[in-house]
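Text of entry00.tsv (TSV, C-alpha atoms (C1' of nucleotides)) as supplied:
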```tsv
chain	number	residue	atom	x	y	z
N	1	MET	CA	-11.67	-18.28	28.55
N	2	CYS	CA	-14.13	-17.09	25.95
N	3	GLU	CA	-12.46	-13.67	25.99
N	4	LYS	CA	-9.11	-15.22	25.31
N	5	SER	CA	-10.57	-17.08	22.39
N	6	ILE	CA	-11.85	-13.88	20.79
N	7	LYS	CA	-8.47	-12.25	21.24
N	8	GLU	CA	-6.87	-15.19	19.48
N	9	LEU	CA	-9.33	-14.95	16.62
N	10	VAL	CA	-8.62	-11.24	16.29
N	11	ASP	CA	-4.89	-11.82	16.33
N	12	HIS	CA	-5.27	-14.59	13.78
N	13	TYR	CA	-7.33	-12.38	11.49
N	14	ILE	CA	-4.82	-9.50	11.66
N	15	ASN	CA	-1.93	-11.80	10.82
N	16	VAL	CA	-3.59	-13.63	7.96
N	17	SER	CA	-5.12	-10.56	6.35
N	18	PHE	CA	-1.74	-8.80	6.46
N	19	SER	CA	-0.01	-11.74	4.83
N	20	VAL	CA	-2.66	-12.31	2.16
N	21	ASN	CA	-2.77	-8.62	1.26
N	22	LYS	CA	0.98	-8.31	0.88
N	23	ILE	CA	1.40	-11.41	-1.24
N	24	ALA	CA	-1.69	-10.77	-3.35
N	25	GLU	CA	-0.57	-7.20	-3.98
N	26	GLY	CA	2.83	-8.46	-5.12
N	27	LEU	CA	1.35	-11.10	-7.44
N	28	VAL	CA	-1.11	-8.62	-8.93
N	29	LYS	CA	1.73	-6.17	-9.53
N	30	GLU	CA	3.52	-8.82	-11.56
N	31	GLN	CA	0.45	-9.38	-13.71
N	32	ILE	CA	-0.06	-5.67	-14.26
N	33	GLY	CA	3.48	-5.20	-15.54
N	34	SER	CA	5.50	-2.01	-15.54
N	35	ASP	CA	3.01	0.12	-17.49
N	36	LEU	CA	0.85	0.72	-14.44
N	37	THR	CA	0.93	0.73	-10.67
N	38	ASN	CA	-1.66	-1.15	-8.62
N	39	ASP	CA	-3.59	2.02	-7.84
N	40	GLN	CA	-3.58	3.05	-11.47
N	41	HIS	CA	-5.01	-0.30	-12.51
N	42	TYR	CA	-7.72	-0.08	-9.88
N	43	THR	CA	-8.49	3.42	-11.14
N	44	LEU	CA	-8.91	2.09	-14.67
N	45	ARG	CA	-10.99	-0.72	-13.24
N	46	TYR	CA	-13.35	1.61	-11.43
N	47	ILE	CA	-13.83	4.01	-14.30
N	48	ASN	CA	-14.35	1.11	-16.70
N	49	LYS	CA	-17.08	-0.21	-14.41
N	50	VAL	CA	-19.00	3.03	-13.91
N	51	GLY	CA	-18.24	4.59	-17.30
N	52	THR	CA	-17.84	8.13	-15.98
N	53	CYS	CA	-16.93	9.49	-12.58
N	54	THR	CA	-15.49	12.51	-10.76
N	55	SER	CA	-12.39	13.03	-8.64
N	56	SER	CA	-14.49	13.37	-5.50
N	57	GLU	CA	-16.12	10.02	-6.20
N	58	LEU	CA	-12.73	8.36	-6.61
N	59	ALA	CA	-11.49	9.97	-3.40
N	60	GLU	CA	-14.48	8.45	-1.61
N	61	VAL	CA	-13.94	4.99	-3.12
N	62	PHE	CA	-10.17	4.97	-2.57
N	63	ASP	CA	-10.54	6.57	0.86
N	64	VAL	CA	-7.93	9.27	0.23
N	65	LYS	CA	-7.98	13.07	-0.11
N	66	LYS	CA	-8.95	14.65	-3.39
N	67	SER	CA	-5.49	16.05	-3.97
N	68	ALA	CA	-4.13	12.51	-4.02
N	69	ILE	CA	-6.60	11.64	-6.76
N	70	THR	CA	-5.58	14.70	-8.76
N	71	ALA	CA	-2.00	13.45	-8.70
N	72	ILE	CA	-2.94	9.93	-9.83
N	73	ILE	CA	-5.26	11.17	-12.56
N	74	THR	CA	-2.70	13.67	-13.84
N	75	ARG	CA	-0.11	10.90	-14.21
N	76	MET	CA	-2.56	8.72	-16.10
N	77	TRP	CA	-3.76	11.67	-18.16
N	78	GLU	CA	-0.15	12.33	-19.19
N	79	LYS	CA	0.05	8.73	-20.39
N	80	GLY	CA	-3.09	9.24	-22.43
N	81	LEU	CA	-5.18	6.75	-20.47
N	82	ILE	CA	-7.81	9.09	-19.05
N	83	GLN	CA	-9.81	11.96	-20.46
N	84	ARG	CA	-10.94	15.02	-18.50
N	85	THR	CA	-14.16	16.71	-19.54
N	86	ARG	CA	-15.67	19.78	-17.85
N	87	ASP	CA	-19.37	19.69	-17.08
N	88	GLU	CA	-20.98	22.57	-18.96
N	89	ASN	CA	-23.87	22.85	-16.51
N	90	ASP	CA	-21.75	22.86	-13.35
N	91	ARG	CA	-18.37	24.11	-14.41
N	92	ARG	CA	-16.72	23.04	-11.13
N	93	VAL	CA	-17.12	19.39	-12.05
N	94	VAL	CA	-14.67	17.42	-14.20
N	95	TYR	CA	-15.78	14.10	-15.64
N	96	LEU	CA	-13.23	11.33	-15.95
N	97	THR	CA	-13.50	8.71	-18.69
N	98	LEU	CA	-11.16	6.15	-20.21
N	99	THR	CA	-9.57	6.81	-23.57
N	100	ASP	CA	-9.45	3.94	-26.06
N	101	LYS	CA	-5.85	3.41	-25.03
N	102	GLY	CA	-6.84	3.33	-21.37
N	103	ASN	CA	-9.63	0.86	-21.97
N	104	GLU	CA	-7.39	-1.37	-24.06
N	105	LEU	CA	-4.68	-1.42	-21.41
N	106	PHE	CA	-7.25	-2.15	-18.73
N	107	LEU	CA	-8.71	-5.11	-20.62
N	108	LYS	CA	-5.27	-6.53	-21.32
N	109	THR	CA	-4.13	-6.42	-17.70
N	110	GLU	CA	-7.50	-7.32	-16.24
N	111	GLU	CA	-7.49	-10.52	-18.25
N	112	ARG	CA	-4.23	-11.54	-16.64
N	113	ILE	CA	-5.43	-10.68	-13.15
N	114	GLN	CA	-8.67	-12.60	-13.67
N	115	ALA	CA	-6.63	-15.62	-14.76
N	116	LEU	CA	-4.42	-15.28	-11.69
N	117	VAL	CA	-7.31	-15.05	-9.24
N	118	GLU	CA	-9.12	-17.86	-11.03
N	119	SER	CA	-6.06	-20.08	-10.74
N	120	PHE	CA	-6.25	-20.05	-6.98
N	121	ILE	CA	-9.98	-19.64	-6.47
N	122	THR	CA	-10.61	-22.87	-8.39
N	123	ARG	CA	-8.58	-24.76	-5.83
N	124	PHE	CA	-11.48	-24.39	-3.41
N	125	ASP	CA	-14.84	-26.08	-3.44
N	126	GLN	CA	-17.35	-23.73	-4.97
N	127	SER	CA	-19.48	-23.91	-1.82
N	128	GLU	CA	-16.49	-22.85	0.26
N	129	VAL	CA	-15.86	-19.87	-2.00
N	130	VAL	CA	-19.50	-18.85	-1.88
N	131	GLN	CA	-19.55	-19.05	1.91
N	132	PHE	CA	-16.29	-17.12	2.14
N	133	LEU	CA	-17.58	-14.35	-0.11
N	134	LYS	CA	-20.79	-14.20	1.88
N	135	THR	CA	-18.86	-13.49	5.07
N	136	PHE	CA	-16.54	-11.15	3.20
N	137	ASP	CA	-19.55	-9.18	1.94
N	138	LYS	CA	-20.92	-8.90	5.44
N	139	LEU	CA	-17.55	-7.66	6.67
N	140	ASN	CA	-17.55	-5.14	3.86
N	141	GLU	CA	-20.97	-3.87	4.89
N	142	ILE	CA	-19.96	-3.55	8.52
N	143	LEU	CA	-16.78	-1.68	7.59
N	144	THR	CA	-18.64	0.63	5.21
N	145	GLU	CA	-21.18	1.38	7.91
N	146	ARG	CA	-18.41	1.99	10.45
N	147	LYS	CA	-16.54	4.24	8.07
N	148	SER	CA	-19.55	6.46	7.39
N	149	LYS	CA	-20.17	6.72	11.14
N	150	VAL	CA	-16.63	7.92	11.74
N	151	GLU	CA	-16.93	10.62	9.12
O	1	MET	CA	-22.57	-21.51	-17.68
O	2	CYS	CA	-20.21	-22.89	-15.07
O	3	GLU	CA	-17.38	-20.85	-16.59
O	4	LYS	CA	-19.42	-17.70	-16.32
O	5	SER	CA	-20.14	-18.46	-12.72
O	6	ILE	CA	-16.45	-18.74	-11.89
O	7	LYS	CA	-15.77	-15.48	-13.64
O	8	GLU	CA	-18.47	-13.84	-11.56
O	9	LEU	CA	-16.98	-15.26	-8.37
O	10	VAL	CA	-13.56	-13.95	-9.36
O	11	ASP	CA	-14.94	-10.53	-10.16
O	12	HIS	CA	-16.85	-10.50	-6.89
O	13	TYR	CA	-13.74	-11.43	-4.93
O	14	ILE	CA	-11.62	-8.72	-6.57
O	15	ASN	CA	-14.23	-6.06	-5.84
O	16	VAL	CA	-14.88	-7.01	-2.23
O	17	SER	CA	-11.24	-7.53	-1.29
O	18	PHE	CA	-10.36	-4.14	-2.76
O	19	SER	CA	-13.10	-2.43	-0.82
O	20	VAL	CA	-12.39	-4.21	2.47
O	21	ASN	CA	-8.67	-3.50	2.20
O	22	LYS	CA	-9.13	0.20	1.52
O	23	ILE	CA	-11.61	0.78	4.33
O	24	ALA	CA	-9.80	-1.41	6.86
O	25	GLU	CA	-6.53	0.35	6.07
O	26	GLY	CA	-8.19	3.70	6.67
O	27	LEU	CA	-9.75	2.64	9.96
O	28	VAL	CA	-6.50	1.12	11.21
O	29	LYS	CA	-4.68	4.32	10.31
O	30	GLU	CA	-7.05	6.24	12.54
O	31	GLN	CA	-6.38	3.92	15.45
O	32	ILE	CA	-2.63	4.12	14.97
O	33	GLY	CA	-2.64	7.91	15.15
O	34	SER	CA	-0.06	10.26	13.72
O	35	ASP	CA	2.98	8.80	15.49
O	36	LEU	CA	3.25	5.95	13.01
O	37	THR	CA	2.27	4.91	9.52
O	38	ASN	CA	0.58	1.58	8.82
O	39	ASP	CA	3.79	-0.01	7.59
O	40	GLN	CA	5.67	1.24	10.61
O	41	HIS	CA	3.11	-0.30	12.94
O	42	TYR	CA	3.27	-3.60	11.10
O	43	THR	CA	7.05	-3.46	11.38
O	44	LEU	CA	6.79	-2.98	15.14
O	45	ARG	CA	4.24	-5.78	15.20
O	46	TYR	CA	6.48	-8.21	13.38
O	47	ILE	CA	9.60	-7.47	15.42
O	48	ASN	CA	7.58	-7.65	18.62
O	49	LYS	CA	6.36	-11.09	17.60
O	50	VAL	CA	9.70	-12.59	16.62
O	51	GLY	CA	11.88	-10.65	19.06
O	52	THR	CA	14.77	-10.16	16.67
O	53	CYS	CA	15.01	-10.12	12.90
O	54	THR	CA	17.04	-8.88	9.95
O	55	SER	CA	16.31	-6.52	7.06
O	56	SER	CA	16.28	-9.39	4.59
O	57	GLU	CA	13.68	-11.19	6.67
O	58	LEU	CA	11.48	-8.09	6.73
O	59	ALA	CA	11.91	-7.64	2.97
O	60	GLU	CA	10.68	-11.21	2.53
O	61	VAL	CA	7.70	-10.75	4.85
O	62	PHE	CA	6.70	-7.36	3.43
O	63	ASP	CA	7.44	-8.52	-0.12
O	64	VAL	CA	9.54	-5.49	-1.03
O	65	LYS	CA	13.19	-4.89	-1.89
O	66	LYS	CA	15.74	-4.58	0.87
O	67	SER	CA	16.42	-0.94	0.11
O	68	ALA	CA	12.80	-0.17	0.95
O	69	ILE	CA	13.24	-1.80	4.35
O	70	THR	CA	16.40	0.18	4.99
O	71	ALA	CA	14.41	3.38	4.46
O	72	ILE	CA	11.60	2.31	6.81
O	73	ILE	CA	13.98	1.11	9.50
O	74	THR	CA	16.08	4.28	9.29
O	75	ARG	CA	13.01	6.44	9.86
O	76	MET	CA	11.99	4.37	12.88
O	77	TRP	CA	15.56	4.27	14.15
O	78	GLU	CA	15.63	8.07	14.01
O	79	LYS	CA	12.52	8.12	16.17
O	80	GLY	CA	14.24	5.82	18.67
O	81	LEU	CA	11.83	2.92	18.13
O	82	ILE	CA	14.25	0.36	16.75
O	83	GLN	CA	17.76	-0.71	17.64
O	84	ARG	CA	20.37	-1.94	15.17
O	85	THR	CA	22.97	-4.42	16.38
O	86	ARG	CA	25.72	-5.94	14.25
O	87	ASP	CA	26.23	-9.68	14.51
O	88	GLU	CA	29.79	-10.22	15.74
O	89	ASN	CA	30.05	-13.67	14.15
O	90	ASP	CA	28.76	-12.67	10.72
O	91	ARG	CA	29.46	-8.98	10.43
O	92	ARG	CA	27.25	-8.56	7.35
O	93	VAL	CA	24.15	-9.11	9.44
O	94	VAL	CA	22.35	-6.40	11.42
O	95	TYR	CA	19.83	-7.50	14.03
O	96	LEU	CA	16.75	-5.37	14.52
O	97	THR	CA	15.06	-5.18	17.92
O	98	LEU	CA	12.51	-2.87	19.53
O	99	THR	CA	13.64	-0.30	22.03
O	100	ASP	CA	11.55	0.15	25.18
O	101	LYS	CA	9.99	3.16	23.52
O	102	GLY	CA	9.21	1.12	20.41
O	103	ASN	CA	7.66	-1.68	22.40
O	104	GLU	CA	5.57	0.73	24.46
O	105	LEU	CA	4.26	2.51	21.39
O	106	PHE	CA	3.46	-0.83	19.76
O	107	LEU	CA	1.48	-2.07	22.75
O	108	LYS	CA	-0.45	1.19	22.99
O	109	THR	CA	-1.51	1.21	19.36
O	110	GLU	CA	-1.99	-2.54	19.11
O	111	GLU	CA	-4.51	-2.39	21.93
O	112	ARG	CA	-6.60	0.07	19.96
O	113	ILE	CA	-6.40	-1.98	16.78
O	114	GLN	CA	-7.35	-5.15	18.63
O	115	ALA	CA	-10.37	-3.33	20.05
O	116	LEU	CA	-11.33	-2.12	16.59
O	117	VAL	CA	-11.09	-5.54	14.97
O	118	GLU	CA	-12.88	-7.12	17.92
O	119	SER	CA	-15.72	-4.64	17.58
O	120	PHE	CA	-16.61	-5.94	14.16
O	121	ILE	CA	-15.50	-9.55	14.48
O	122	THR	CA	-17.91	-10.03	17.37
O	123	ARG	CA	-20.80	-9.15	15.09
O	124	PHE	CA	-20.39	-12.56	13.45
O	125	ASP	CA	-21.24	-15.98	14.84
O	126	GLN	CA	-18.07	-17.54	16.17
O	127	SER	CA	-18.54	-20.52	13.85
O	128	GLU	CA	-18.75	-18.18	10.87
O	129	VAL	CA	-15.51	-16.47	11.87
O	130	VAL	CA	-13.77	-19.79	12.36
O	131	GLN	CA	-14.89	-21.02	8.93
O	132	PHE	CA	-13.87	-17.73	7.34
O	133	LEU	CA	-10.42	-17.87	8.90
O	134	LYS	CA	-10.02	-21.48	7.81
O	135	THR	CA	-10.60	-20.54	4.19
O	136	PHE	CA	-8.45	-17.44	4.62
O	137	ASP	CA	-5.61	-19.61	5.95
O	138	LYS	CA	-5.91	-21.91	2.98
O	139	LEU	CA	-5.80	-18.93	0.64
O	140	ASN	CA	-2.73	-17.70	2.47
O	141	GLU	CA	-1.01	-21.07	1.97
O	142	ILE	CA	-1.84	-21.16	-1.72
O	143	LEU	CA	-0.57	-17.61	-2.23
O	144	THR	CA	2.62	-18.32	-0.27
O	145	GLU	CA	3.22	-21.42	-2.34
O	146	ARG	CA	2.55	-19.50	-5.57
O	147	LYS	CA	4.84	-16.69	-4.50
O	148	SER	CA	7.79	-19.00	-3.82
O	149	LYS	CA	7.21	-20.69	-7.18
O	150	VAL	CA	7.42	-17.36	-9.00
O	151	GLU	CA	10.69	-16.47	-7.35
K	1	DG	C1'	45.91	-19.78	0.37
K	2	DT	C1'	44.21	-16.77	-3.08
K	3	DT	C1'	40.77	-15.71	-6.07
K	4	DT	C1'	36.06	-15.84	-7.14
K	5	DA	C1'	31.33	-15.93	-6.09
K	6	DA	C1'	27.59	-15.08	-3.07
K	7	DC	C1'	25.36	-12.58	0.55
K	8	DT	C1'	23.82	-8.39	3.81
K	9	DG	C1'	22.94	-4.15	4.03
K	10	DT	C1'	23.38	0.76	2.48
K	11	DT	C1'	23.25	4.81	-0.63
K	12	DC	C1'	21.50	7.40	-4.41
K	13	DA	C1'	18.39	8.96	-8.10
K	14	DA	C1'	13.97	8.74	-9.86
K	15	DC	C1'	9.37	7.97	-9.22
K	16	DT	C1'	4.50	7.21	-7.01
K	17	DA	C1'	1.50	8.16	-3.36
K	18	DT	C1'	-0.23	10.79	0.38
K	19	DT	C1'	-1.59	14.77	3.52
K	20	DT	C1'	-2.19	19.51	4.80
K	21	DA	C1'	-3.07	24.03	3.66
K	22	DA	C1'	-3.81	27.61	0.57
K	23	DC	C1'	-5.93	28.72	-3.61
K	24	DT	C1'	-9.27	29.38	-8.01
K	25	DA	C1'	-13.49	28.99	-9.95
K	26	DT	C1'	-18.06	28.11	-9.58
K	27	DT	C1'	-22.62	27.36	-7.50
K	28	DA	C1'	-26.05	27.62	-3.65
K	29	DA	C1'	-28.15	29.90	0.29
K	30	DC	C1'	-29.79	33.63	2.94
P	1	DG	C1'	-25.63	40.68	-3.32
P	2	DT	C1'	-22.84	38.86	0.03
P	3	DT	C1'	-21.66	34.72	2.22
P	4	DA	C1'	-21.38	29.43	2.35
P	5	DA	C1'	-20.27	25.51	0.38
P	6	DT	C1'	-18.43	22.66	-3.35
P	7	DA	C1'	-15.03	20.70	-7.08
P	8	DG	C1'	-10.84	20.57	-8.24
P	9	DT	C1'	-5.88	22.10	-8.39
P	10	DT	C1'	-1.34	23.45	-6.64
P	11	DA	C1'	2.75	23.27	-3.69
P	12	DA	C1'	5.61	21.66	0.08
P	13	DA	C1'	6.64	17.97	3.01
P	14	DT	C1'	6.86	13.15	4.04
P	15	DA	C1'	6.60	7.98	3.14
P	16	DG	C1'	7.35	4.29	0.37
P	17	DT	C1'	9.23	1.95	-3.66
P	18	DT	C1'	12.53	0.26	-7.31
P	19	DG	C1'	16.89	-0.44	-9.65
P	20	DA	C1'	21.59	0.00	-9.86
P	21	DA	C1'	25.82	0.59	-7.93
P	22	DC	C1'	28.48	-0.04	-3.94
P	23	DA	C1'	31.20	-1.73	0.66
P	24	DG	C1'	32.05	-5.10	3.66
P	25	DT	C1'	31.94	-9.78	4.79
P	26	DT	C1'	31.76	-14.74	4.28
P	27	DA	C1'	31.81	-19.12	1.61
P	28	DA	C1'	33.39	-21.84	-2.17
P	29	DA	C1'	36.51	-23.26	-5.79
P	30	DC	C1'	40.67	-24.32	-7.32
```
As structure tokens, the full file:
Amino acid sequence: MCEKSIKELVDHYINVSFSVNKIAEGLVKEQIGSDLTNDQHYTLRYINKVGTCTSSELAEVFDVKKSAITAIITRMWEKGLIQRTRDENDRRVVYLTLTDKGNELFLKTEERIQALVESFITRFDQSEVVQFLKTFDKLNEILTERKSKVE
Amino acid sequence: MCEKSIKELVDHYINVSFSVNKIAEGLVKEQIGSDLTNDQHYTLRYINKVGTCTSSELAEVFDVKKSAITAIITRMWEKGLIQRTRDENDRRVVYLTLTDKGNELFLKTEERIQALVESFITRFDQSEVVQFLKTFDKLNEILTERKSKVE
DNA sequence: GTTTAACTGTTCAACTATTTAACTATTAAC
DNA sequence: GTTAATAGTTAAATAGTTGAACAGTTAAAC
């Protein structure tokens, strides 16, 4: 009986997370507009946060191969959103930073996404949101741990 | 002060949901194996659940254009996982069902994914999971509502 | 009853994303 | 000094996506 209950919870989680992800992705895409794809916005977002990073770092964060990152960065570089700078000490490394244009575009779209997320997050009690994020964080930790074990 | 707090919550949510999605997607991909992609598994999953559906229905559920569904279904049809049957009453409609092979493959991979999700869901108190899913459901409802408004 | 409008699904061209494998250039290890 | 490992790129193959145009079918208007 208890086993069945867990299976139901698991099934429930898979269904809801699929649905939420799909819809949220679609809504975010609308806010981003046609200038960028979702991945490109998240790339801007990450580089904006850390200031400077490498392709390998992005590959780790996005959980894809480095060649996939090269493709994404090249597209954004062609649009003038990202700058590539070789490290003079270790000439294998290429540092990625946002151009002014990239930063501007990020801020513009991020504002819209923040407003979108805020518009539905404020429909919950603050305590409920805090509790939800607490569990979400814990899930994130467990997944991160699991991921590094697998590798 | 309260405004800043909301902004922080929003930022927190965006970061965590991005991270969880990326990692979970990667882990699920490993469980699915090379026979299928994530989207293909979720397609099997949906058709298995409802028994029979149409391309338009899938486009709605996956939140993509119908031409995208046609491409996915054709690939799976070529692998012998999905059957296409014309409705004889309304000859515009094509019903999609799983073949035996499709159903078998779904069950095999679903078992592994269930085990994966169970392995981390059981690291939470049951009450915490229930509360989390309750909030997740509510979020799902709000997003669904918002999505239908936009359209 | 015929024309018009709406709907279901497909095709095509263009694009983004991804993986695998081979490769260049560079640095570290022994 | 040769060998290992590392950072990043390239190229071919595959998946997914959109937008626009299209065929076939059904419903509505008149």
Give me the residues of chain O that have any atom at most 12 Å from an atom of chain K; for each, the nearest atom pair and the distance in Å, rounded to one decimal. Use all atoms listed in the file, sort by chain and number, and format it as JSON lines.
```
{"residue": "O:Ser34", "atom": "CA", "partner": "K:DT19", "partner_atom": "C1'", "distance": 11.3}
{"residue": "O:Thr37", "atom": "CA", "partner": "K:DT18", "partner_atom": "C1'", "distance": 11.2}
{"residue": "O:Thr54", "atom": "CA", "partner": "K:DT8", "partner_atom": "C1'", "distance": 9.2}
{"residue": "O:Ser55", "atom": "CA", "partner": "K:DG9", "partner_atom": "C1'", "distance": 7.7}
{"residue": "O:Ser56", "atom": "CA", "partner": "K:DT8", "partner_atom": "C1'", "distance": 7.6}
{"residue": "O:Glu57", "atom": "CA", "partner": "K:DT8", "partner_atom": "C1'", "distance": 10.9}
{"residue": "O:Ala59", "atom": "CA", "partner": "K:DG9", "partner_atom": "C1'", "distance": 11.6}
{"residue": "O:Lys65", "atom": "CA", "partner": "K:DG9", "partner_atom": "C1'", "distance": 11.4}
{"residue": "O:Lys66", "atom": "CA", "partner": "K:DG9", "partner_atom": "C1'", "distance": 7.9}
{"residue": "O:Ser67", "atom": "CA", "partner": "K:DT10", "partner_atom": "C1'", "distance": 7.5}
{"residue": "O:Ala68", "atom": "CA", "partner": "K:DT10", "partner_atom": "C1'", "distance": 10.7}
{"residue": "O:Ile69", "atom": "CA", "partner": "K:DG9", "partner_atom": "C1'", "distance": 10.0}
{"residue": "O:Thr70", "atom": "CA", "partner": "K:DT10", "partner_atom": "C1'", "distance": 7.4}
{"residue": "O:Ala71", "atom": "CA", "partner": "K:DT10", "partner_atom": "C1'", "distance": 9.6}
{"residue": "O:Ile73", "atom": "CA", "partner": "K:DT10", "partner_atom": "C1'", "distance": 11.7}
{"residue": "O:Thr74", "atom": "CA", "partner": "K:DT10", "partner_atom": "C1'", "distance": 10.6}
{"residue": "O:Arg84", "atom": "CA", "partner": "K:DG9", "partner_atom": "C1'", "distance": 11.6}
{"residue": "O:Arg86", "atom": "CA", "partner": "K:DG9", "partner_atom": "C1'", "distance": 10.7}
{"residue": "O:Asp87", "atom": "CA", "partner": "K:DT8", "partner_atom": "C1'", "distance": 11.0}
{"residue": "O:Asp90", "atom": "CA", "partner": "K:DT8", "partner_atom": "C1'", "distance": 9.5}
{"residue": "O:Arg91", "atom": "CA", "partner": "K:DT8", "partner_atom": "C1'", "distance": 8.7}
{"residue": "O:Arg92", "atom": "CA", "partner": "K:DT8", "partner_atom": "C1'", "distance": 4.9}
{"residue": "O:Val93", "atom": "CA", "partner": "K:DT8", "partner_atom": "C1'", "distance": 5.7}
{"residue": "O:Val94", "atom": "CA", "partner": "K:DG9", "partner_atom": "C1'", "distance": 7.7}
{"residue": "O:Tyr95", "atom": "CA", "partner": "K:DG9", "partner_atom": "C1'", "distance": 11.0}
```
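You will find atom C1' of DA5 of chain P at 21.7 Å from atom CA of Lys149 of chain N.
Separating atom CA of Ile47 of chain N from atom CA of Thr122 of chain N is a distance of 27.7 Å.
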For the contact check between chain N and chain O, emit one row per residue of chain N within 8 Å, containing the shortest atom pair and the distance in Å rounded to one decimal, counting only C-alpha atoms, chain then rising number order, as a tab-separated table.
```
residue	atom	partner	partner_atom	distance
N:Ile6	CA	O:Glu118	CA	7.4
N:Lys7	CA	O:Glu118	CA	7.5
N:Leu9	CA	O:Val130	CA	7.8
N:Val10	CA	O:Glu118	CA	6.1
N:Asp11	CA	O:Gln114	CA	7.5
N:His12	CA	O:Leu133	CA	7.8
N:Tyr13	CA	O:Leu133	CA	6.8
N:Val16	CA	O:Asp137	CA	6.6
N:Ser17	CA	O:Phe136	CA	7.8
N:Ser19	CA	O:Asn140	CA	7.0
N:Val20	CA	O:Asn140	CA	5.4
N:Asn21	CA	O:Asn21	CA	7.9
N:Lys22	CA	O:Phe62	CA	6.3
N:Ile23	CA	O:Leu143	CA	6.6
N:Ala24	CA	O:Leu143	CA	7.0
N:Gly26	CA	O:Asp63	CA	6.8
N:Leu27	CA	O:Lys147	CA	7.2
N:Val61	CA	O:Ser19	CA	7.8
N:Phe62	CA	O:Lys22	CA	6.4
N:Asp63	CA	O:Lys22	CA	6.6
N:Gln114	CA	O:Val10	CA	6.7
N:Val117	CA	O:Val10	CA	6.3
N:Glu118	CA	O:Val10	CA	6.1
N:Phe120	CA	O:Ile142	CA	7.0
N:Ile121	CA	O:Val10	CA	7.3
N:Thr122	CA	O:Ile6	CA	8.0
N:Glu128	CA	O:Thr135	CA	7.4
N:Val129	CA	O:Leu9	CA	7.9
N:Val130	CA	O:Leu9	CA	7.8
N:Gln131	CA	O:Phe132	CA	8.0
N:Phe132	CA	O:Phe132	CA	5.8
N:Leu133	CA	O:Tyr13	CA	6.8
N:Thr135	CA	O:Phe132	CA	6.9
N:Phe136	CA	O:Val16	CA	7.0
N:Asp137	CA	O:Val16	CA	6.6
N:Leu139	CA	O:Val20	CA	7.5
N:Asn140	CA	O:Val20	CA	5.4
N:Ile142	CA	O:Phe120	CA	7.0
N:Leu143	CA	O:Ile23	CA	6.6
N:Thr144	CA	O:Ile23	CA	7.1
N:Lys147	CA	O:Ile23	CA	7.1
```
Checklist entry - Using all atoms listed in the file, which residue out of P:DT9, P:DT14, P:DT26, P:DT2 lies closest to chain O? => result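 Among the listed residues, P:DT26 lies closest to chain O.
Interatomic distance, atom CA of Leu81 of chain N against atom CA of Leu44 of chain N: 8.3 Å.
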Checklist entry - Which residue, P:DA4, P:DA21, P:DA29, P:DA11, has the smallest gap to chain N when you use all atoms listed in the file? => result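 Answer, going by the shortest atom-to-atom distance: P:DA11.
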Counting all atoms listed in the file, which residues of chain P sit at most 10 Å from some atom of chain O, and what is each one's closest atom pair with its distance in Å to one decimal, listed by chain and rising residue number, as a tab-separated table?
```
residue	atom	partner	partner_atom	distance
P:DA15	C1'	O:Thr37	CA	8.3
P:DG16	C1'	O:Ala68	CA	7.1
P:DT17	C1'	O:Ala68	CA	6.2
P:DT18	C1'	O:Lys65	CA	7.5
P:DG19	C1'	O:Lys65	CA	9.7
P:DG24	C1'	O:Arg92	CA	7.0
P:DT25	C1'	O:Arg92	CA	5.5
P:DT26	C1'	O:Asp90	CA	7.4
```
